[in-house]
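Novice: Below you'll find the structure I mean.
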Amino acid sequence: MRKLCLIFLISQAAHSAQWGTSASFKSGPTASSSKQLLSRYAGTPLIDVFKQYAQDQGATTQAETESLVTHELIHVESARIRRFWRPTGDLDGYMVKWDGRMATVRYTVQETPKIQPLQDMYLNRNPNNTISNTLDELNAYSLTLPDLCKTARNGAERHLPALAAHLVVLNAALRTEKALWPSSWSRNRPLMVRTVALLSRQAAAALQQCGYPIPENSAIQQFISE
């Protein structure tokens with residue numbers, strides 16, 4: 001029922017918001033420019049829904065609430081246009097089908113503790129998610145956290161481990177995809193190499209801007225460069 005209500009609200013928001021055409025990619029996005037979604041969706045039911053969600057997640061400041069609302073709106077907008085929404089230009093691959101699922105990703109001994117921030121609340125609850133879902137999360141986190149690091153560092157520190165963990169998940173998922181489903185890896189690589197490159201670099205840049213360690217990502221680099 002909750003999922004159906006959210007779908008209804010997204011549909012209503014899509015009709016009431018003012019939409020522009022998607023620009024072609026020209027340069028890397030700035031975190032603050034993602035706030036344009038807040039004005040785009042102003043007055044729609046989603047704003048109140050996501051404000052309540054932010055409070056439920058423990059947000060205590062206006063800056064953190066705004067960051068979490070924007071994060072969720074990025075997901076909504078990407079789903080609406082069926083592309084990875086970015087303020088400077090959308091990216092292809094949102095609808096690409098991967099054979100692997102989160103439940104089948106193989107993690108190294110070094111990676112296992114680094115995904116703990118996501119284990120119970122995200123990975124275990126979404127076993128059928130794919131690499132595309134991970135990219136969606138990387139996009140939303142990395143477009144919002146740099147601003148939050150500047151305005152509410154304490155709030156940002158609660159979310160930085162999740163961003164880093166999603167980068168670990170992407171690395172392990174790409175490695176697993178190649179090992180267990182090589183045809184999927186090969187089929188999708190030409191379609192996804194640019195998107196994986198841009199979103200993983202965007203995530204690494206966000207971590208760097210916030211002074212947070214960037215996890216090992218050799219499988220991501222192999223996907224990009226092979």
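By order in the structure tokens, chains are A, B, ...; within a chain, residues start at 1; ligands start at 1, following the order shown.
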Do you know which residues are at most 12 Å from Gly58 in chain A counting only C-alpha atoms, after dropping those on the same chain fewer than 2 positions away, and could you put them as a PyMOL selection string?
Specialist: chain A and resi 51-56+60-62+64-65+68+154-156+158-159
Novice: Which residues are close to His75 in chain A, i.e. within 12 Å by only C-alpha atoms, leaving aside same-chain residues fewer than 2 positions away? Reply as a ChimeraX atom specification.
Specialist: /A:10,34,37,46,50,68-73,77-86,94,132-141,143
Novice: So the first atom is CA of Thr44 in chain A and the second is CA of Thr144 in chain A; what is the distance between them in Å, to one decimal place?
Specialist: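 For CA of Thr44 in chain A relative to CA of Thr144 in chain A, the distance reads 20.5 Å.
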Novice: According to DSSP computed on the backbone, where in range 14-226 of chain A is there helix (DSSP H, G or I)? Give the residues as a ChimeraX atom specification.
Specialist: /A:14-16,32-40,45-56,62-81,102-104,112-123,131-151,153-157,160-180,182-209,218-225
Novice: Have a look at CA of Ala203 in chain A and CA of Val105 in chain A and let me know their distance in Å, one decimal.
Specialist: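 Atom-to-atom, CA of Ala203 in chain A to CA of Val105 in chain A, that is 20.3 Å.
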Novice: Go through A:Tyr107, A:Tyr212, A:Trp98, A:Phe223 one by one, measure the shortest atom-to-atom distance of each to Ala172 in chain A using only C-alpha atoms, and give the residue with the smallest value.
Specialist: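 Nearest to Ala172 in chain A: A:Tyr107.
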Novice: Could you tell me which of A:Val193, A:Ala205, A:Leu160, A:Val49 comes closest to Leu148 in chain A if we count only C-alpha atoms?
Specialist: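 Nearest candidate to Leu148 in chain A out of A:Val193, A:Ala205, A:Leu160, A:Val49: A:Leu160.
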Novice: Taking into account only C-alpha atoms, which residue in the set A:Asp90, A:Asp147, A:Glu226, A:Asp48 is nearest to Trp185 in chain A?
Specialist: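 Comparing A:Asp90, A:Asp147, A:Glu226, A:Asp48 against Trp185 in chain A, the winner is A:Glu226.
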Novice: Measuring atom to atom with only C-alpha atoms, identify which of A:Ser218, A:Lys97, A:Arg125, A:Ser39 is nearest to Ser183 in chain A.
Specialist: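 Selected residue with least distance to Ser183 in chain A: A:Lys97.
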Novice: Mind checking which residues fall within 9 Å of Lys35 in chain A, counting only C-alpha atoms, ignoring those fewer than 3 positions away in the same chain, and posting them as a ChimeraX atom specification?
Specialist: /A:31-32,38-40,66-67,70,87,144
Novice: Output the selection as a PDB file, in the first residue's frame - N, CA and C atoms for each residue.
Specialist:
ATOM      1  N   ALA A  31      27.125  20.174  -6.890  1.00  0.00           N
ATOM      2  CA  ALA A  31      26.158  19.643  -5.938  1.00  0.00           C
ATOM      3  C   ALA A  31      24.986  20.595  -5.747  1.00  0.00           C
ATOM      4  N   SER A  32      25.281  21.904  -5.650  1.00  0.00           N
ATOM      5  CA  SER A  32      24.214  22.854  -5.365  1.00  0.00           C
ATOM      6  C   SER A  32      23.202  22.948  -6.492  1.00  0.00           C
ATOM      7  N   LEU A  38      14.179  20.945  -6.047  1.00  0.00           N
ATOM      8  CA  LEU A  38      13.323  21.416  -4.962  1.00  0.00           C
ATOM      9  C   LEU A  38      12.310  22.439  -5.462  1.00  0.00           C
ATOM     10  N   SER A  39      12.762  23.336  -6.308  1.00  0.00           N
ATOM     11  CA  SER A  39      11.828  24.324  -6.849  1.00  0.00           C
ATOM     12  C   SER A  39      10.920  23.700  -7.901  1.00  0.00           C
ATOM     13  N   ARG A  40      11.440  22.728  -8.628  1.00  0.00           N
ATOM     14  CA  ARG A  40      10.628  22.072  -9.654  1.00  0.00           C
ATOM     15  C   ARG A  40       9.456  21.319  -9.049  1.00  0.00           C
ATOM     16  N   GLU A  66      16.769  19.100   3.833  1.00  0.00           N
ATOM     17  CA  GLU A  66      16.771  19.508   2.424  1.00  0.00           C
ATOM     18  C   GLU A  66      17.624  18.565   1.581  1.00  0.00           C
ATOM     19  N   SER A  67      18.758  18.140   2.134  1.00  0.00           N
ATOM     20  CA  SER A  67      19.638  17.217   1.414  1.00  0.00           C
ATOM     21  C   SER A  67      18.949  15.888   1.156  1.00  0.00           C
ATOM     22  N   THR A  70      16.118  16.286  -1.413  1.00  0.00           N
ATOM     23  CA  THR A  70      16.695  16.388  -2.751  1.00  0.00           C
ATOM     24  C   THR A  70      17.190  15.030  -3.240  1.00  0.00           C
ATOM     25  N   PRO A  87      22.032  17.532 -13.070  1.00  0.00           N
ATOM     26  CA  PRO A  87      21.653  18.904 -13.421  1.00  0.00           C
ATOM     27  C   PRO A  87      22.274  19.412 -14.714  1.00  0.00           C
ATOM     28  N   THR A 144      24.328  15.414  -3.531  1.00  0.00           N
ATOM     29  CA  THR A 144      23.799  16.143  -2.374  1.00  0.00           C
ATOM     30  C   THR A 144      24.776  16.285  -1.209  1.00  0.00           C
TER      31      THR A 144
END
Novice: Give me, please, the distance in Å between CA of Lys114 in chain A and CA of Ala173 in chain A, quoted to one decimal.
Specialist: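 Atom-to-atom, CA of Lys114 in chain A and CA of Ala173 in chain A are spaced 14.0 Å apart.
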